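K.L.:
Here you go, this is entry_2.cif (mmCIF, C-alpha atoms and all ligand atoms).
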data_model
#
loop_
_atom_site.label_atom_id
_atom_site.label_comp_id
_atom_site.auth_asym_id
_atom_site.auth_seq_id
_atom_site.Cartn_x
_atom_site.Cartn_y
_atom_site.Cartn_z
CA MET W 1 185.12 65.83 53.98
CA ASP W 2 187.66 67.41 51.63
CA LYS W 3 190.52 65.45 50.13
CA LEU W 4 193.49 66.38 47.96
CA LEU W 5 193.93 64.55 44.67
CA ILE W 6 197.53 64.70 43.53
CA THR W 7 199.03 63.44 40.30
CA GLY W 8 202.71 63.20 41.09
CA GLY W 9 205.84 63.53 39.03
CA ASN W 10 205.79 67.22 38.08
CA ARG W 11 208.84 69.41 38.55
CA LEU W 12 207.95 72.57 40.50
CA ALA W 13 208.94 75.99 39.19
CA GLY W 14 207.90 79.56 39.95
CA ASP W 15 207.13 81.76 42.95
CA ILE W 16 205.23 81.12 46.17
CA THR W 17 204.33 83.76 48.75
CA VAL W 18 204.66 82.48 52.29
CA ALA W 19 202.02 83.44 54.88
CA GLY W 20 202.49 84.79 58.37
CA ALA W 21 203.48 82.23 61.01
CA LYS W 22 200.64 80.27 62.57
CA ASN W 23 202.59 79.75 65.76
CA ALA W 24 203.31 83.46 66.09
CA ALA W 25 199.78 84.54 65.15
CA LEU W 26 198.09 82.39 67.82
CA PRO W 27 199.88 83.86 70.88
CA ILE W 28 199.82 87.33 69.30
CA LEU W 29 196.03 87.19 68.99
CA CYS W 30 195.89 86.21 72.68
CA ALA W 31 198.01 89.25 73.52
CA GLY W 32 194.93 91.24 72.46
CA LEU W 33 193.42 90.14 75.80
CA LEU W 34 196.11 92.05 77.71
CA THR W 35 194.97 95.55 76.83
CA ALA W 36 191.94 97.77 76.30
CA GLY W 37 193.86 99.45 73.46
CA ASP W 38 193.73 98.65 69.73
CA ILE W 39 196.06 96.01 68.30
CA ASP W 40 196.59 96.41 64.58
CA LEU W 41 198.03 93.27 62.97
CA HIS W 42 199.45 92.70 59.51
CA ASN W 43 200.37 89.44 57.76
CA LEU W 44 197.88 87.35 59.70
CA PRO W 45 197.68 83.91 58.03
CA GLN W 46 194.26 82.83 56.82
CA LEU W 47 193.98 79.35 58.24
CA GLN W 48 191.70 77.26 60.36
CA ASP W 49 193.61 77.53 63.66
CA VAL W 50 193.52 81.32 63.38
CA ARG W 51 189.76 81.22 62.72
CA THR W 52 189.32 78.93 65.74
CA MET W 53 191.34 81.26 67.96
CA LEU W 54 189.37 84.30 66.76
CA LYS W 55 186.11 82.52 67.50
CA LEU W 56 187.31 81.72 71.01
CA LEU W 57 188.49 85.29 71.63
CA ARG W 58 185.25 86.76 70.28
CA GLN W 59 183.28 84.58 72.69
CA MET W 60 185.21 86.28 75.50
CA GLY W 61 184.24 89.71 74.25
CA LEU W 62 187.30 90.64 72.18
CA ARG W 63 186.26 92.79 69.25
CA VAL W 64 187.85 91.65 66.03
CA GLU W 65 187.79 93.14 62.56
CA ILE W 66 189.40 91.12 59.81
CA ASN W 67 190.27 92.40 56.38
CA GLY W 68 192.32 89.82 54.50
CA GLU W 69 195.70 89.60 56.21
CA ARG W 70 194.93 92.60 58.39
CA ALA W 71 193.25 92.29 61.78
CA GLN W 72 192.18 94.85 64.33
CA LEU W 73 191.61 93.72 67.89
CA ASN W 74 190.13 95.54 70.82
CA GLY W 75 189.93 94.08 74.30
CA ALA W 76 188.05 96.89 76.06
CA MET W 77 184.84 94.87 76.43
CA ILE W 78 186.01 91.44 77.56
CA ASP W 79 183.42 89.99 79.92
CA LYS W 80 183.79 86.20 79.78
CA PRO W 81 187.28 84.99 80.74
CA GLU W 82 186.57 81.40 79.82
CA ALA W 83 187.72 78.87 77.19
CA PRO W 84 185.21 76.03 76.84
CA TYR W 85 186.12 72.40 76.18
CA GLU W 86 184.44 72.40 72.74
CA MET W 87 187.03 74.91 71.52
CA VAL W 88 190.11 73.81 73.46
CA LYS W 89 189.72 70.20 72.35
CA THR W 90 189.98 71.23 68.70
CA MET W 91 193.09 73.36 69.29
CA ARG W 92 195.53 72.94 72.15
CA ALA W 93 196.97 76.41 71.62
CA SER W 94 193.74 77.72 73.23
CA ILE W 95 195.67 77.30 76.50
CA LEU W 96 197.43 80.55 75.50
CA VAL W 97 194.48 82.57 76.80
CA LEU W 98 195.16 81.44 80.37
CA GLY W 99 198.12 83.70 81.19
CA PRO W 100 196.72 86.92 79.69
CA LEU W 101 193.23 86.48 81.17
CA LEU W 102 194.55 85.78 84.63
CA ALA W 103 197.01 88.67 84.51
CA ARG W 104 194.48 91.26 83.38
CA PHE W 105 191.22 90.08 84.97
CA GLY W 106 192.43 88.11 88.00
CA GLU W 107 190.52 85.03 86.96
CA ALA W 108 190.30 82.52 84.14
CA ARG W 109 188.59 79.22 83.41
CA VAL W 110 190.21 77.21 80.66
CA SER W 111 189.41 73.65 79.76
CA LEU W 112 192.26 71.15 80.03
CA PRO W 113 193.31 70.25 76.49
CA GLY W 114 193.25 66.49 76.97
CA GLY W 115 194.90 64.01 74.62
CA CYS W 116 196.23 64.90 71.25
CA ALA W 117 197.31 62.92 68.21
CA ILE W 118 201.03 63.53 68.66
CA GLY W 119 201.38 62.52 72.28
CA SER W 120 200.07 63.39 75.71
CA ARG W 121 201.28 67.04 75.70
CA PRO W 122 200.53 68.10 79.28
CA VAL W 123 200.29 71.74 80.43
CA ASP W 124 201.76 71.23 83.91
CA GLN W 125 204.54 73.76 83.28
CA HIS W 126 202.04 76.50 82.42
CA ILE W 127 200.17 75.79 85.67
CA ARG W 128 203.28 75.51 87.84
CA GLY W 129 204.65 78.78 86.51
CA LEU W 130 201.43 80.67 87.22
CA GLN W 131 201.32 79.15 90.71
CA ALA W 132 204.85 80.40 91.30
CA MET W 133 203.49 83.86 90.43
CA GLY W 134 200.92 83.50 93.19
CA ALA W 135 197.93 82.15 91.28
CA GLU W 136 195.53 79.84 93.05
CA ILE W 137 194.75 77.06 90.64
CA SER W 138 192.27 74.25 90.95
CA ILE W 139 191.16 71.65 88.46
CA GLU W 140 187.38 71.39 88.48
CA ALA W 141 185.34 69.25 86.11
CA GLY W 142 188.06 69.23 83.48
CA TYR W 143 188.68 72.96 83.75
CA ILE W 144 191.68 74.88 85.03
CA HIS W 145 190.28 77.53 87.32
CA ALA W 146 192.92 80.16 88.07
CA ARG W 147 192.62 83.14 90.38
CA ALA W 148 194.99 85.89 91.52
CA LYS W 149 194.19 89.41 92.60
CA ARG W 150 197.42 90.47 90.98
CA LEU W 151 200.15 88.10 89.88
CA LYS W 152 203.55 88.59 91.50
CA GLY W 153 206.90 88.45 89.79
CA ALA W 154 208.83 85.19 90.36
CA ARG W 155 211.82 83.22 89.13
CA ILE W 156 210.54 80.28 87.11
CA VAL W 157 212.65 77.43 85.81
CA THR W 158 210.61 75.12 83.58
CA ASP W 159 211.48 71.41 83.56
CA MET W 160 211.75 71.42 79.80
CA VAL W 161 211.73 74.00 77.05
CA THR W 162 208.09 74.68 76.23
CA VAL W 163 207.04 77.10 73.52
CA THR W 164 203.45 77.89 74.50
CA GLY W 165 204.45 77.54 78.18
CA THR W 166 207.02 80.31 77.73
CA GLU W 167 204.49 82.45 75.84
CA ASN W 168 201.78 82.02 78.48
CA LEU W 169 204.11 82.92 81.34
CA LEU W 170 205.66 85.79 79.39
CA MET W 171 202.25 87.35 78.74
CA ALA W 172 201.21 86.84 82.37
CA ALA W 173 204.43 88.41 83.66
CA THR W 174 203.98 91.63 81.66
CA LEU W 175 201.17 92.71 84.02
CA ALA W 176 202.50 91.13 87.23
CA ASP W 177 203.69 93.07 90.23
CA GLY W 178 207.51 93.04 90.17
CA VAL W 179 210.12 91.19 88.19
CA THR W 180 209.71 87.74 86.65
CA VAL W 181 212.63 85.74 85.33
CA LEU W 182 211.87 82.85 82.98
CA GLU W 183 214.81 80.47 82.87
CA ASN W 184 214.98 77.73 80.22
CA ALA W 185 212.69 79.85 78.05
CA ALA W 186 211.93 78.76 74.51
CA ARG W 187 213.92 80.70 71.89
CA GLU W 188 211.67 79.95 68.94
CA PRO W 189 211.30 82.95 66.58
CA GLU W 190 207.57 82.93 67.31
CA VAL W 191 208.28 83.60 71.02
CA THR W 192 210.52 86.46 69.95
CA ASP W 193 207.82 87.85 67.68
CA LEU W 194 205.33 87.83 70.55
CA ALA W 195 207.88 89.48 72.87
CA ASN W 196 208.53 92.19 70.28
CA LEU W 197 204.81 92.96 70.09
CA LEU W 198 204.54 93.04 73.89
CA VAL W 199 207.37 95.58 74.05
CA LYS W 200 205.50 97.76 71.53
CA MET W 201 202.51 97.49 73.88
CA GLY W 202 204.59 98.88 76.73
CA ALA W 203 205.94 95.69 78.33
CA LYS W 204 209.44 95.73 79.80
CA ILE W 205 211.28 92.62 78.64
CA GLU W 206 215.00 91.88 78.57
CA GLY W 207 216.76 88.91 76.99
CA ILE W 208 214.43 88.56 74.00
CA GLY W 209 215.65 85.70 71.81
CA THR W 210 217.59 84.07 74.66
CA ASP W 211 216.67 81.33 77.12
CA ARG W 212 216.44 83.83 79.98
CA LEU W 213 213.63 86.35 79.78
CA LYS W 214 213.45 89.06 82.42
CA ILE W 215 210.13 90.85 82.62
CA GLU W 216 209.37 93.84 84.80
CA GLY W 217 205.62 93.98 85.24
CA VAL W 218 203.74 97.18 84.39
CA ALA W 219 200.31 98.38 85.54
CA SER W 220 198.76 98.28 82.07
CA LEU W 221 199.61 97.79 78.40
CA HIS W 222 198.46 99.86 75.45
CA GLY W 223 197.66 99.23 71.80
CA ALA W 224 200.26 98.64 69.08
CA GLU W 225 200.78 97.80 65.43
CA HIS W 226 202.64 94.67 64.41
CA GLN W 227 203.56 92.54 61.41
CA VAL W 228 203.50 88.78 62.09
CA ILE W 229 206.77 87.08 61.08
CA ALA W 230 206.91 84.65 58.18
CA ASP W 231 205.96 81.04 58.73
CA ARG W 232 209.24 79.13 58.80
CA ILE W 233 207.45 75.78 58.81
CA GLU W 234 205.39 76.63 55.73
CA THR W 235 208.62 77.85 54.16
CA GLY W 236 210.41 74.62 55.05
CA THR W 237 207.50 72.55 53.76
CA PHE W 238 207.74 74.09 50.28
CA LEU W 239 211.53 73.74 50.32
CA CYS W 240 211.10 70.03 51.05
CA ALA W 241 208.50 69.70 48.29
CA VAL W 242 211.03 71.02 45.75
CA ALA W 243 213.81 68.85 47.20
CA ALA W 244 211.61 65.78 46.75
CA THR W 245 210.25 66.56 43.25
CA GLY W 246 213.04 68.62 41.73
CA GLY W 247 212.55 72.16 40.46
CA ASP W 248 213.35 75.81 40.92
CA VAL W 249 211.11 77.82 43.23
CA THR W 250 211.48 81.19 44.91
CA LEU W 251 209.67 81.67 48.19
CA ARG W 252 208.66 85.28 48.84
CA ASN W 253 207.84 87.11 52.06
CA THR W 254 210.00 84.82 54.19
CA ARG W 255 213.42 84.77 55.86
CA ALA W 256 216.27 82.28 55.59
CA ASP W 257 217.60 83.10 59.06
CA LEU W 258 214.46 81.57 60.61
CA LEU W 259 215.37 78.10 59.44
CA ASP W 260 219.12 77.69 59.39
CA SER W 261 219.17 74.08 60.57
CA ALA W 262 216.61 72.88 58.02
CA MET W 263 218.40 74.79 55.23
CA ASP W 264 221.72 73.16 56.19
CA LYS W 265 220.08 69.74 55.95
CA LEU W 266 218.59 70.58 52.56
CA ARG W 267 222.02 71.60 51.28
CA GLU W 268 223.37 68.29 52.56
CA ALA W 269 220.58 66.64 50.57
CA GLY W 270 221.83 68.38 47.42
CA ALA W 271 219.54 71.40 47.14
CA VAL W 272 221.04 74.67 45.94
CA LEU W 273 219.75 77.48 48.14
CA SER W 274 220.17 81.21 47.88
CA SER W 275 218.42 83.98 49.75
CA GLY W 276 217.91 87.71 50.21
CA ALA W 277 216.29 89.78 52.93
CA ASP W 278 212.78 88.47 52.23
CA TRP W 279 213.13 85.54 49.80
CA ILE W 280 214.66 82.09 49.47
CA ARG W 281 215.33 80.30 46.18
CA VAL W 282 215.64 76.54 46.05
CA GLN W 283 216.94 74.62 43.05
CA MET W 284 217.06 70.85 42.88
CA ASP W 285 218.17 69.05 39.75
CA SER W 286 219.09 65.62 41.04
CA ARG W 287 217.70 62.92 43.24
CA PRO W 288 218.15 64.00 46.87
CA ARG W 289 220.79 62.40 49.07
CA ALA W 290 219.57 60.89 52.35
CA VAL W 291 220.21 63.06 55.43
CA SER W 292 219.89 62.06 59.07
CA PHE W 293 218.68 64.44 61.74
CA ARG W 294 217.45 64.74 65.28
CA THR W 295 214.69 67.12 66.33
CA THR W 296 215.44 69.59 69.11
CA GLU W 297 214.35 72.98 70.34
CA TYR W 298 215.17 76.08 68.30
CA PRO W 299 217.70 76.77 66.87
CA GLY W 300 218.01 73.01 66.35
CA PHE W 301 216.10 70.99 63.79
CA PRO W 302 212.34 71.60 64.31
CA THR W 303 210.01 68.76 65.19
CA ASP W 304 207.46 70.51 62.95
CA MET W 305 209.72 69.72 59.94
CA GLN W 306 210.40 66.07 60.78
CA ALA W 307 207.61 64.55 58.70
CA GLN W 308 208.22 66.75 55.63
CA PHE W 309 211.93 65.89 55.67
CA MET W 310 211.08 62.24 55.85
CA ALA W 311 209.15 62.67 52.61
CA VAL W 312 212.43 63.82 51.04
CA ASN W 313 214.39 60.96 52.58
CA VAL W 314 212.00 58.27 51.33
CA VAL W 315 212.89 59.10 47.70
CA ALA W 316 216.54 59.89 48.44
CA GLU W 317 219.64 57.94 47.57
CA GLY W 318 220.88 56.08 50.64
CA SER W 319 219.54 55.52 54.12
CA SER W 320 218.90 57.93 56.95
CA ASN W 321 217.72 58.14 60.54
CA ALA W 322 215.20 60.64 61.88
CA THR W 323 215.16 60.83 65.67
CA GLU W 324 212.22 62.59 67.34
CA THR W 325 213.09 63.96 70.78
CA ILE W 326 210.27 66.46 71.39
CA PHE W 327 207.05 64.48 71.00
CA GLU W 328 206.19 60.84 71.50
CA ASN W 329 204.03 59.26 68.85
CA ARG W 330 204.95 61.64 66.06
CA PHE W 331 205.55 59.04 63.35
CA MET W 332 202.00 58.51 62.22
CA HIS W 333 202.89 59.45 58.66
CA VAL W 334 205.25 56.47 58.45
CA GLN W 335 202.61 53.79 57.84
CA GLU W 336 200.95 55.97 55.22
CA MET W 337 204.24 56.67 53.42
CA ASN W 338 204.98 52.96 53.39
CA ARG W 339 201.65 52.50 51.59
CA LEU W 340 203.14 54.62 48.79
CA GLY W 341 206.12 52.25 48.60
CA ALA W 342 208.47 53.91 51.09
CA ASN W 343 210.75 51.74 53.20
CA ILE W 344 210.64 53.05 56.76
CA VAL W 345 211.07 51.10 59.98
CA ILE W 346 210.54 52.61 63.44
CA GLU W 347 212.80 51.71 66.33
CA GLY W 348 211.90 53.55 69.51
CA ASN W 349 211.98 57.26 68.73
CA THR W 350 213.97 56.81 65.51
CA ALA W 351 212.65 56.19 62.01
CA ILE W 352 215.11 54.39 59.76
CA VAL W 353 214.51 55.21 56.13
CA GLN W 354 215.93 53.33 53.17
CA GLY W 355 215.44 55.51 50.12
CA VAL W 356 213.56 53.97 47.19
CA ASP W 357 213.79 54.71 43.45
CA LYS W 358 210.12 55.55 43.19
CA LEU W 359 206.91 55.90 45.13
CA VAL W 360 203.60 54.87 43.61
CA GLY W 361 200.46 56.88 44.38
CA ALA W 362 197.74 55.44 46.64
CA PRO W 363 194.97 56.67 48.93
CA VAL W 364 196.43 57.82 52.26
CA MET W 365 195.06 59.33 55.43
CA ALA W 366 196.30 62.47 57.15
CA THR W 367 196.54 62.16 60.94
CA ASP W 368 197.89 65.50 62.08
CA LEU W 369 198.98 68.81 60.63
CA ARG W 370 202.60 68.16 59.68
CA ALA W 371 201.93 64.51 58.80
CA SER W 372 199.40 65.80 56.25
CA ALA W 373 201.99 68.09 54.71
CA SER W 374 204.46 65.20 54.44
CA LEU W 375 201.90 63.08 52.62
CA VAL W 376 201.26 65.88 50.14
CA ILE W 377 205.01 66.05 49.44
CA ALA W 378 205.22 62.27 49.07
CA GLY W 379 202.22 62.40 46.71
CA LEU W 380 203.92 65.09 44.59
CA ALA W 381 207.00 62.87 44.31
CA ALA W 382 205.05 59.66 43.63
CA GLN W 383 204.08 58.27 40.25
CA GLY W 384 200.36 58.28 39.53
CA GLN W 385 197.55 59.46 41.75
CA THR W 386 197.58 59.95 45.50
CA LEU W 387 194.41 60.85 47.36
CA VAL W 388 195.11 62.46 50.74
CA ASP W 389 192.09 62.10 53.02
CA ARG W 390 191.22 64.13 56.16
CA ILE W 391 192.95 67.29 55.02
CA TYR W 392 191.14 69.31 57.65
CA HIS W 393 194.37 68.67 59.55
CA LEU W 394 196.30 70.39 56.75
CA ASP W 395 193.89 73.35 56.64
CA ARG W 396 194.54 74.01 60.32
CA GLY W 397 198.04 75.22 59.55
CA TYR W 398 198.45 75.94 55.84
CA ASP W 399 196.94 78.83 53.98
CA ARG W 400 195.51 77.41 50.72
CA MET W 401 198.35 74.99 50.16
CA GLU W 402 196.95 73.41 46.99
CA LEU W 403 196.61 76.80 45.27
CA LYS W 404 200.21 77.70 46.07
CA LEU W 405 201.46 74.34 44.81
CA ARG W 406 199.34 74.51 41.66
CA ALA W 407 200.82 77.91 40.86
CA VAL W 408 204.27 76.31 40.64
CA GLY W 409 203.15 73.47 38.40
CA ALA W 410 201.88 70.76 40.75
CA GLN W 411 198.85 68.75 39.67
CA ILE W 412 196.79 68.96 42.82
CA GLU W 413 193.12 69.63 43.42
CA ARG W 414 190.72 69.70 46.30
CA VAL W 415 187.84 67.26 45.98
CA SER W 416 184.88 66.84 48.29
C1 LIG K 501 204.58 74.40 70.11
C2 LIG K 501 204.10 74.57 68.69
C3 LIG K 501 204.16 73.25 67.95
C4 LIG K 501 205.57 72.68 68.04
C5 LIG K 501 206.04 72.63 69.48
C6 LIG K 501 207.50 72.22 69.62
C7 LIG K 501 202.50 76.36 68.91
C8 LIG K 501 201.09 76.80 68.88
N1 LIG K 501 202.73 75.06 68.73
O1 LIG K 501 203.70 73.48 70.74
O2 LIG K 501 203.84 73.49 66.58
O3 LIG K 501 205.57 71.37 67.53
O4 LIG K 501 205.91 73.91 70.11
O5 LIG K 501 208.32 73.05 68.88
O6 LIG K 501 203.40 77.17 69.03
N2 LIG K 501 205.51 69.73 77.89
C9 LIG K 501 205.19 69.25 79.14
N3 LIG K 501 204.51 70.08 80.01
C10 LIG K 501 204.12 71.34 79.66
C11 LIG K 501 204.44 71.81 78.37
C12 LIG K 501 205.15 70.99 77.51
O7 LIG K 501 205.53 68.13 79.50
O8 LIG K 501 203.49 72.02 80.49
C13 LIG K 501 206.27 68.88 76.95
C14 LIG K 501 205.44 68.47 75.73
O9 LIG K 501 204.68 67.33 75.98
C15 LIG K 501 206.54 68.24 74.70
C16 LIG K 501 207.59 69.29 75.06
O10 LIG K 501 207.32 69.65 76.41
O11 LIG K 501 207.09 66.95 74.86
C17 LIG K 501 207.58 70.53 74.20
O12 LIG K 501 206.25 70.98 74.06
P1 LIG K 501 205.88 72.51 73.84
O13 LIG K 501 207.08 73.28 73.42
O14 LIG K 501 205.12 72.99 75.00
O15 LIG K 501 204.89 72.42 72.61
P2 LIG K 501 203.69 73.38 72.34
O16 LIG K 501 203.99 74.71 72.91
O17 LIG K 501 202.40 72.72 72.68
#
Give the structure from this file in structure tokens form.

P.N.:
Amino acid sequence: MDKLLITGGNRLAGDITVAGAKNAALPILCAGLLTAGDIDLHNLPQLQDVRTMLKLLRQMGLRVEINGERAQLNGAMIDKPEAPYEMVKTMRASILVLGPLLARFGEARVSLPGGCAIGSRPVDQHIRGLQAMGAEISIEAGYIHARAKRLKGARIVTDMVTVTGTENLLMAATLADGVTVLENAAREPEVTDLANLLVKMGAKIEGIGTDRLKIEGVASLHGAEHQVIADRIETGTFLCAVAATGGDVTLRNTRADLLDSAMDKLREAGAVLSSGADWIRVQMDSRPRAVSFRTTEYPGFPTDMQAQFMAVNVVAEGSSNATETIFENRFMHVQEMNRLGANIVIEGNTAIVQGVDKLVGAPVMATDLRASASLVIAGLAAQGQTLVDRIYHLDRGYDRMELKLRAVGAQIERVS
């Protein structure tokens, strides 16, 4: 199993190119199931979750050609509308095939995702929404079995804001009979990116970027060409790395307007940020100041940045609170950071951090994707060597992170 060996203490300086967004790429690949036409994608990130999704889609009969960050999909030959447990259990986002398969083929069998390291994460809202559109759904032997001759437009109000829930129902509604209104829809930029692709494919969607999506179903969708948006979480992760270690780094191929709330918090922490249409520069010359935050849905502070920000707060001057409102059990990085000398106490869904003068490297264990990224940042800020184990979690969502960090002066290497 691969590990990352980090010798901390280096200032980071130089340029990093940010990849396409994982959380946009995954639903966008599933949109390939909605049409027999060709989907031509640019800026596809090269990471494990994308490879897992492509494997799943190929099993269903989707034809895929990959050439670096370019992918060509064709869904003319799909013959197996099924997502087996072996795949879904490794990646919850596999649930995103449910809506498109059901809408286009009238039937889908998708394994229930089951437990996951950052909480129970049910998919009841996906199922309820499809039922409202007329699907017959039964749970058999751990599988969701959904059937509908043709889905019907409906007004759906989800109990909470759900990102993949919105994406699943949005994709399903594009081919339904009549008008669907999704109230309480997620406004994450990745939902917007998917909606923009669907419109290029011939879908009729109003309210893109708002919490009310109105979709008028069409009989069929056609092929399209699309560029996946920049990964705002990868962007934010590198910004936090510089805030924790000090330095001057320019992130390329990304957009500041995708992460306003995180950028505001970084400014509060003392980072100097500037940006243009497709770049962000971060300069940090002092020890960060502690900043408190609370995770919420977009455009609020993202839960996917909570752990990385905590890695800044642990070396900051002062104390801070991080309150997690989206997922239960998303503080698994805390015990590991404390092993590096951090001072973090958890009370309910809040982590109280007292900044320390220095962290000292130690072996630590990654437990989930963003927790892994936070441990890498803590390791970069720590004195001496940190060995981050189980980085297969990191590889799920970051495209060659150690190479990008090494290019800006970090001492980090992958060891087996
Ligand atoms: C997506 C992102 C993930 C991010 C999360 C929140 C992808 C592939 N993943 O995950 O990186 O951390 O949004 O921004 O885009 N819930 C239910 N029932 C449902 C659906 C959700 O109770 O049917 C709950 C969840 O348990 C959670 C909350 O709603 O507490 C939000 O989850 P959701 O937005 O659905 O997260 P994902 O789409 O899985």

K.L.:
Step by step, measure atom-to-atom distances between ligand LIG 501 (chain K) and each residue using only C-alpha atoms and all ligand atoms, keep those at most 6 Å, then write them as a ChimeraX atom specification.

P.N.:
/W:23,93,121-126,160-165,303-304,326-327

K.L.:
Using all atoms listed in the file, find all polymer residues with an atom at most 12 Å away from the point (214.9, 59.4, 43.9); report them as a VMD selection string.

P.N.:
chain W and resid 9 243 to 246 269 to 270 284 to 290 311 to 319 342 354 to 359 378 381 to 383

K.L.:
So the first atom is atom CA of W:Leu26 and the second is atom CA of W:Ala241; what is the distance between them in Å, to one decimal place?

P.N.:
25.5 Å

K.L.:
Pick the closest to W:Asn349 from W:Met53, W:Met60, W:Leu213, W:Met332: which is it, counting all atoms listed in the file?

P.N.:
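Of W:Met53, W:Met60, W:Leu213, W:Met332, the one nearest W:Asn349, counting all atoms listed in the file, is W:Met332.
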
K.L.:
Excluding W:Leu96 and any residue of its chain fewer than 4 positions from it, enumerate the residues within 9 Å of it, using all atoms listed in the file, and give them as a list in words.

P.N.:
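Listing them by chain and then by number gives Leu26, Pro27, Cys30, Ala31, Arg92, Pro100, Thr164, Gly165, Glu167, Asn168 and Met171 of chain W.
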
K.L.:
W:Ser94, W:Thr296, W:Asn67, W:Thr35: which is nearest W:Val50, counting all atoms listed in the file?

P.N.:
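Checking each candidate against W:Val50, we get W:Ser94 as the closest.
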